[in-house]
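**Q** Handing you a structure now.
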Amino acid sequence: MGNPNTFKMTVNLSSFGQAMGKLAKGMDEAVRPAAQAGAQVLYDEVVKNVAAIGVKTGNLKRAIYQVYSGQNNNKKKALYYISWNTQKAPHGWLVEYGHIQRYQAYMNKRGEWKTMVRPEMRGKPKPRRDADQAVKDAYYVLRKNGPVQWLAKSFIRNAKDKMPEAREAMRLRFAEELRSKGVLK
């Protein structure tokens, strides 16, 4: 006879291992939809911020995008970018960060903003971006009342105020994905 103070117990953990495997797989599959839910909250806020600035041509609003980054992602991380297409709306930088306008500008027939060139400089090459200020001043038409400073109207950076809502959207979507896969009840 063995020691009366001991006992033998057998535990089968195979179903526990299967449940953990199902949970891990469900979590991996829930990462990207959860990240997209958070990205959508921020994207919607950026679009709202652009609308609040006021529309001149609509190019900036049409240039806003969100895109999934296929690079640097894995099953535990999903990265989305929210920004504006600088080819469609190169002036987005000027709006987001503000700028000083030294020269007269006009809108051409295609709805594009252009800097006015002095009549005697038409047909000559534009000064390089790194040219001396005097060279640029000799090429472009200066504003009559001097430079004007346009303050920043941040439409991207102000969207960060919605981060708590974005995190909550991600949390809810993550749980919803796990429930739909039968991982959570």
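We label chains A, B, ... in the order they appear in the structure tokens, count residues from 1 in each chain, and number ligands from 1 in the order shown.
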Need the shell around stretch 27-33 of chain A: protein/DNA/RNA residues with any atom at most 12 Å away, counting only C-alpha atoms. Skip same-chain ones fewer than 3 positions apart. Format as a PDB file with N, CA, C and O atoms, in the first residue's frame?
**A**
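To be explicit, this is the file written out as selection-v7.pdb:
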```pdb
ATOM      1  N   MET A  20      -6.913  26.837 -27.021  1.00  0.00           N
ATOM      2  CA  MET A  20      -5.905  27.899 -27.093  1.00  0.00           C
ATOM      3  C   MET A  20      -5.480  28.133 -28.555  1.00  0.00           C
ATOM      4  O   MET A  20      -5.268  29.266 -28.969  1.00  0.00           O
ATOM      5  N   GLY A  21      -5.375  27.065 -29.324  1.00  0.00           N
ATOM      6  CA  GLY A  21      -5.043  27.199 -30.745  1.00  0.00           C
ATOM      7  C   GLY A  21      -6.124  27.951 -31.493  1.00  0.00           C
ATOM      8  O   GLY A  21      -5.837  28.814 -32.339  1.00  0.00           O
ATOM      9  N   LYS A  22      -7.379  27.656 -31.184  1.00  0.00           N
ATOM     10  CA  LYS A  22      -8.513  28.341 -31.819  1.00  0.00           C
ATOM     11  C   LYS A  22      -8.509  29.818 -31.431  1.00  0.00           C
ATOM     12  O   LYS A  22      -8.750  30.696 -32.265  1.00  0.00           O
ATOM     13  N   LEU A  23      -8.211  30.097 -30.155  1.00  0.00           N
ATOM     14  CA  LEU A  23      -8.147  31.480 -29.676  1.00  0.00           C
ATOM     15  C   LEU A  23      -7.030  32.237 -30.396  1.00  0.00           C
ATOM     16  O   LEU A  23      -7.242  33.354 -30.877  1.00  0.00           O
ATOM     17  N   ALA A  24      -5.849  31.634 -30.498  1.00  0.00           N
ATOM     18  CA  ALA A  24      -4.721  32.295 -31.167  1.00  0.00           C
ATOM     19  C   ALA A  24      -5.037  32.569 -32.629  1.00  0.00           C
ATOM     20  O   ALA A  24      -4.763  33.667 -33.140  1.00  0.00           O
ATOM     21  N   GLN A  36      -8.548  48.348 -38.915  1.00  0.00           N
ATOM     22  CA  GLN A  36      -9.293  49.134 -39.902  1.00  0.00           C
ATOM     23  C   GLN A  36     -10.413  49.923 -39.245  1.00  0.00           C
ATOM     24  O   GLN A  36     -10.688  51.057 -39.630  1.00  0.00           O
ATOM     25  N   ALA A  37     -11.038  49.352 -38.221  1.00  0.00           N
ATOM     26  CA  ALA A  37     -12.113  50.073 -37.522  1.00  0.00           C
ATOM     27  C   ALA A  37     -11.567  51.344 -36.869  1.00  0.00           C
ATOM     28  O   ALA A  37     -12.203  52.404 -36.923  1.00  0.00           O
ATOM     29  N   GLY A  38     -10.388  51.251 -36.265  1.00  0.00           N
ATOM     30  CA  GLY A  38      -9.768  52.432 -35.676  1.00  0.00           C
ATOM     31  C   GLY A  38      -9.350  53.432 -36.737  1.00  0.00           C
ATOM     32  O   GLY A  38      -9.532  54.646 -36.579  1.00  0.00           O
ATOM     33  N   ALA A  39      -8.799  52.937 -37.842  1.00  0.00           N
ATOM     34  CA  ALA A  39      -8.387  53.810 -38.941  1.00  0.00           C
ATOM     35  C   ALA A  39      -9.582  54.552 -39.518  1.00  0.00           C
ATOM     36  O   ALA A  39      -9.488  55.725 -39.873  1.00  0.00           O
ATOM     37  N   GLN A  40     -10.727  53.881 -39.591  1.00  0.00           N
ATOM     38  CA  GLN A  40     -11.928  54.510 -40.144  1.00  0.00           C
ATOM     39  C   GLN A  40     -12.371  55.695 -39.298  1.00  0.00           C
ATOM     40  O   GLN A  40     -12.783  56.733 -39.836  1.00  0.00           O
ATOM     41  N   VAL A  67      -5.167  53.733 -46.297  1.00  0.00           N
ATOM     42  CA  VAL A  67      -4.689  52.568 -47.029  1.00  0.00           C
ATOM     43  C   VAL A  67      -3.991  51.613 -46.058  1.00  0.00           C
ATOM     44  O   VAL A  67      -3.319  52.046 -45.132  1.00  0.00           O
ATOM     45  N   TYR A  68      -4.222  50.335 -46.286  1.00  0.00           N
ATOM     46  CA  TYR A  68      -3.563  49.289 -45.511  1.00  0.00           C
ATOM     47  C   TYR A  68      -2.144  49.139 -46.020  1.00  0.00           C
ATOM     48  O   TYR A  68      -1.910  49.056 -47.225  1.00  0.00           O
ATOM     49  N   SER A  69      -1.192  49.130 -45.126  1.00  0.00           N
ATOM     50  CA  SER A  69       0.200  48.929 -45.509  1.00  0.00           C
ATOM     51  C   SER A  69       0.492  47.441 -45.497  1.00  0.00           C
ATOM     52  O   SER A  69       0.484  46.813 -44.446  1.00  0.00           O
ATOM     53  N   GLY A  70       0.743  46.894 -46.655  1.00  0.00           N
ATOM     54  CA  GLY A  70       1.054  45.473 -46.744  1.00  0.00           C
ATOM     55  C   GLY A  70       2.437  45.148 -46.212  1.00  0.00           C
ATOM     56  O   GLY A  70       2.748  44.000 -45.940  1.00  0.00           O
ATOM     57  N   ASN A  73       3.811  44.323 -41.704  1.00  0.00           N
ATOM     58  CA  ASN A  73       2.672  43.798 -40.962  1.00  0.00           C
ATOM     59  C   ASN A  73       2.873  42.304 -40.769  1.00  0.00           C
ATOM     60  O   ASN A  73       3.577  41.650 -41.520  1.00  0.00           O
ATOM     61  N   ASN A  74       2.243  41.797 -39.754  1.00  0.00           N
ATOM     62  CA  ASN A  74       2.217  40.356 -39.531  1.00  0.00           C
ATOM     63  C   ASN A  74       0.883  40.043 -38.882  1.00  0.00           C
ATOM     64  O   ASN A  74       0.013  40.908 -38.809  1.00  0.00           O
ATOM     65  N   LYS A  75       0.718  38.834 -38.391  1.00  0.00           N
ATOM     66  CA  LYS A  75      -0.583  38.453 -37.828  1.00  0.00           C
ATOM     67  C   LYS A  75      -0.892  39.184 -36.522  1.00  0.00           C
ATOM     68  O   LYS A  75      -2.026  39.201 -36.084  1.00  0.00           O
ATOM     69  N   LYS A  76       0.108  39.794 -35.924  1.00  0.00           N
ATOM     70  CA  LYS A  76      -0.100  40.482 -34.652  1.00  0.00           C
ATOM     71  C   LYS A  76      -0.117  42.000 -34.796  1.00  0.00           C
ATOM     72  O   LYS A  76      -0.295  42.720 -33.834  1.00  0.00           O
ATOM     73  N   LYS A  77       0.080  42.491 -36.017  1.00  0.00           N
ATOM     74  CA  LYS A  77       0.128  43.934 -36.239  1.00  0.00           C
ATOM     75  C   LYS A  77      -0.428  44.251 -37.619  1.00  0.00           C
ATOM     76  O   LYS A  77      -0.109  43.567 -38.593  1.00  0.00           O
ATOM     77  N   ALA A  78      -1.259  45.289 -37.704  1.00  0.00           N
ATOM     78  CA  ALA A  78      -1.781  45.770 -38.983  1.00  0.00           C
ATOM     79  C   ALA A  78      -1.661  47.291 -38.983  1.00  0.00           C
ATOM     80  O   ALA A  78      -2.089  47.947 -38.040  1.00  0.00           O
ATOM     81  N   LEU A  79      -1.068  47.834 -40.021  1.00  0.00           N
ATOM     82  CA  LEU A  79      -0.788  49.259 -40.096  1.00  0.00           C
ATOM     83  C   LEU A  79      -1.596  49.894 -41.220  1.00  0.00           C
ATOM     84  O   LEU A  79      -1.579  49.415 -42.352  1.00  0.00           O
ATOM     85  N   TYR A  80      -2.300  50.975 -40.895  1.00  0.00           N
ATOM     86  CA  TYR A  80      -3.039  51.763 -41.877  1.00  0.00           C
ATOM     87  C   TYR A  80      -2.469  53.177 -41.902  1.00  0.00           C
ATOM     88  O   TYR A  80      -2.113  53.712 -40.857  1.00  0.00           O
ATOM     89  N   ALA A 169     -13.179  51.742 -30.896  1.00  0.00           N
ATOM     90  CA  ALA A 169     -13.679  51.060 -32.100  1.00  0.00           C
ATOM     91  C   ALA A 169     -12.866  49.799 -32.374  1.00  0.00           C
ATOM     92  O   ALA A 169     -13.423  48.761 -32.745  1.00  0.00           O
ATOM     93  N   MET A 170     -11.557  49.873 -32.165  1.00  0.00           N
ATOM     94  CA  MET A 170     -10.707  48.694 -32.369  1.00  0.00           C
ATOM     95  C   MET A 170     -11.032  47.608 -31.352  1.00  0.00           C
ATOM     96  O   MET A 170     -11.125  46.429 -31.706  1.00  0.00           O
ATOM     97  N   ARG A 171     -11.207  48.017 -30.099  1.00  0.00           N
ATOM     98  CA  ARG A 171     -11.526  47.042 -29.040  1.00  0.00           C
ATOM     99  C   ARG A 171     -12.842  46.326 -29.338  1.00  0.00           C
ATOM    100  O   ARG A 171     -12.935  45.102 -29.270  1.00  0.00           O
ATOM    101  N   LEU A 172     -13.859  47.102 -29.705  1.00  0.00           N
ATOM    102  CA  LEU A 172     -15.170  46.521 -30.003  1.00  0.00           C
ATOM    103  C   LEU A 172     -15.120  45.604 -31.222  1.00  0.00           C
ATOM    104  O   LEU A 172     -15.698  44.520 -31.218  1.00  0.00           O
ATOM    105  N   ARG A 173     -14.419  46.032 -32.266  1.00  0.00           N
ATOM    106  CA  ARG A 173     -14.341  45.209 -33.477  1.00  0.00           C
ATOM    107  C   ARG A 173     -13.554  43.927 -33.218  1.00  0.00           C
ATOM    108  O   ARG A 173     -13.899  42.864 -33.726  1.00  0.00           O
ATOM    109  N   PHE A 174     -12.505  44.021 -32.410  1.00  0.00           N
ATOM    110  CA  PHE A 174     -11.700  42.845 -32.072  1.00  0.00           C
ATOM    111  C   PHE A 174     -12.571  41.811 -31.362  1.00  0.00           C
ATOM    112  O   PHE A 174     -12.592  40.630 -31.725  1.00  0.00           O
ATOM    113  N   ALA A 175     -13.339  42.269 -30.371  1.00  0.00           N
ATOM    114  CA  ALA A 175     -14.228  41.362 -29.627  1.00  0.00           C
ATOM    115  C   ALA A 175     -15.308  40.800 -30.548  1.00  0.00           C
ATOM    116  O   ALA A 175     -15.636  39.607 -30.479  1.00  0.00           O
ATOM    117  N   GLU A 176     -15.854  41.636 -31.429  1.00  0.00           N
ATOM    118  CA  GLU A 176     -16.887  41.188 -32.372  1.00  0.00           C
ATOM    119  C   GLU A 176     -16.336  40.096 -33.295  1.00  0.00           C
ATOM    120  O   GLU A 176     -17.008  39.098 -33.563  1.00  0.00           O
ATOM    121  N   GLU A 177     -15.109  40.285 -33.776  1.00  0.00           N
ATOM    122  CA  GLU A 177     -14.473  39.270 -34.640  1.00  0.00           C
ATOM    123  C   GLU A 177     -14.293  37.962 -33.887  1.00  0.00           C
ATOM    124  O   GLU A 177     -14.536  36.879 -34.444  1.00  0.00           O
ATOM    125  N   LEU A 178     -13.863  38.033 -32.628  1.00  0.00           N
ATOM    126  CA  LEU A 178     -13.657  36.803 -31.849  1.00  0.00           C
ATOM    127  C   LEU A 178     -14.992  36.098 -31.591  1.00  0.00           C
ATOM    128  O   LEU A 178     -15.067  34.881 -31.644  1.00  0.00           O
ATOM    129  N   ARG A 179     -16.043  36.874 -31.332  1.00  0.00           N
ATOM    130  CA  ARG A 179     -17.368  36.264 -31.136  1.00  0.00           C
ATOM    131  C   ARG A 179     -17.860  35.608 -32.407  1.00  0.00           C
ATOM    132  O   ARG A 179     -18.420  34.515 -32.389  1.00  0.00           O
ATOM    133  N   SER A 180     -17.661  36.263 -33.553  1.00  0.00           N
ATOM    134  CA  SER A 180     -18.162  35.713 -34.816  1.00  0.00           C
ATOM    135  C   SER A 180     -17.438  34.424 -35.205  1.00  0.00           C
ATOM    136  O   SER A 180     -17.986  33.612 -35.928  1.00  0.00           O
ATOM    137  N   LYS A 181     -16.237  34.239 -34.699  1.00  0.00           N
ATOM    138  CA  LYS A 181     -15.483  33.016 -34.980  1.00  0.00           C
ATOM    139  C   LYS A 181     -15.721  31.940 -33.904  1.00  0.00           C
ATOM    140  O   LYS A 181     -15.113  30.889 -33.942  1.00  0.00           O
ATOM    141  N   GLY A 182     -16.580  32.254 -32.940  1.00  0.00           N
ATOM    142  CA  GLY A 182     -16.906  31.293 -31.886  1.00  0.00           C
ATOM    143  C   GLY A 182     -15.829  31.178 -30.824  1.00  0.00           C
ATOM    144  O   GLY A 182     -15.854  30.254 -30.014  1.00  0.00           O
ATOM    145  N   VAL A 183     -14.894  32.105 -30.803  1.00  0.00           N
ATOM    146  CA  VAL A 183     -13.817  32.073 -29.812  1.00  0.00           C
ATOM    147  C   VAL A 183     -14.300  32.643 -28.492  1.00  0.00           C
ATOM    148  O   VAL A 183     -13.989  32.132 -27.431  1.00  0.00           O
ATOM    149  N   LEU A 184     -15.086  33.713 -28.547  1.00  0.00           N
ATOM    150  CA  LEU A 184     -15.686  34.326 -27.342  1.00  0.00           C
ATOM    151  C   LEU A 184     -17.194  34.139 -27.408  1.00  0.00           C
ATOM    152  O   LEU A 184     -17.767  34.013 -28.470  1.00  0.00           O
TER     153      LEU A 184
END
```
**Q** Going by DSSP on the backbone, which bits of stretch 25-158 of chain A are strand (DSSP E)? Write them as an MDAnalysis selection string, please.
**A** chainID A and resid 64:74 77:84 99:101 105:107 113:115 148:150
**Q** Write out as a ChimeraX atom specification each polymer residue whose atoms come within 10 Å of A:Asn145, counting only C-alpha atoms; drop sequence neighbours fewer than 3 positions from it.
**A** /A:102,142,148
**Q** Which residues come within 7 Å of A:Gln66, counting only C-alpha atoms, excluding same-chain residues fewer than 3 positions away, as a count of residues only?
**A** 5
**Q** Using the chain letters and numbers from this document, which residues of stretch 41-128 of chain A does DSSP assign to alpha helix (DSSP H), as a CSV table (one decimal) with C-alpha atoms, in the first residue's frame?
**A**
```
chain,number,residue,atom,x,y,z
A,41,VAL,CA,-12.7,56.7,-37.1
A,42,LEU,CA,-9.5,58.7,-37.8
A,43,TYR,CA,-10.2,58.9,-41.5
A,44,ASP,CA,-13.7,60.2,-40.9
A,45,GLU,CA,-12.4,62.9,-38.6
A,46,VAL,CA,-9.8,64.0,-41.2
A,47,VAL,CA,-12.6,64.3,-43.8
A,48,LYS,CA,-14.7,66.3,-41.3
A,49,ASN,CA,-11.8,68.6,-40.5
A,50,VAL,CA,-11.2,69.3,-44.2
A,51,ALA,CA,-14.8,70.1,-44.7
A,52,ALA,CA,-14.7,72.5,-41.8
A,53,ILE,CA,-11.8,74.4,-43.4
A,59,ASN,CA,-9.0,68.8,-54.4
A,60,LEU,CA,-7.9,68.4,-50.8
A,61,LYS,CA,-11.1,66.5,-49.8
A,62,ARG,CA,-10.8,64.2,-52.8
A,63,ALA,CA,-7.1,63.6,-52.0
A,92,GLY,CA,-2.2,70.3,-48.3
A,93,TRP,CA,1.1,71.1,-46.7
A,94,LEU,CA,0.4,74.8,-46.8
A,95,VAL,CA,-3.0,74.2,-45.2
A,96,GLU,CA,-1.8,71.7,-42.5
A,97,TYR,CA,1.2,73.7,-41.4
```
**Q** For A:Ile156, which residue out of A:Tyr103, A:Thr115, A:Ala89, A:Ile64 is the nearest one, using only C-alpha atoms?
**A**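 Ranking A:Tyr103, A:Thr115, A:Ala89, A:Ile64 by distance to A:Ile156, first place goes to A:Ile64.
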**Q** Restricting the calculation to only C-alpha atoms: of A:Glu120, A:Arg167, A:Gly111, A:Gln104, which residue gets closest to A:Val141?
**A**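 For A:Val141, the nearest of the given residues is A:Gln104.
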**Q** Counting only C-alpha atoms, which residue out of A:Lys136, A:Gly98, A:Lys88, A:Thr6 sits closest to A:Lys153?
**A**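 With only C-alpha atoms as the atom set, the closest residue is A:Gly98.
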**Q** Atom CA of A:Lys185 and atom CA of A:Gln18 are how many Å apart?
**A**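 Going from atom CA of A:Lys185 over to atom CA of A:Gln18, I get 16.6 Å.
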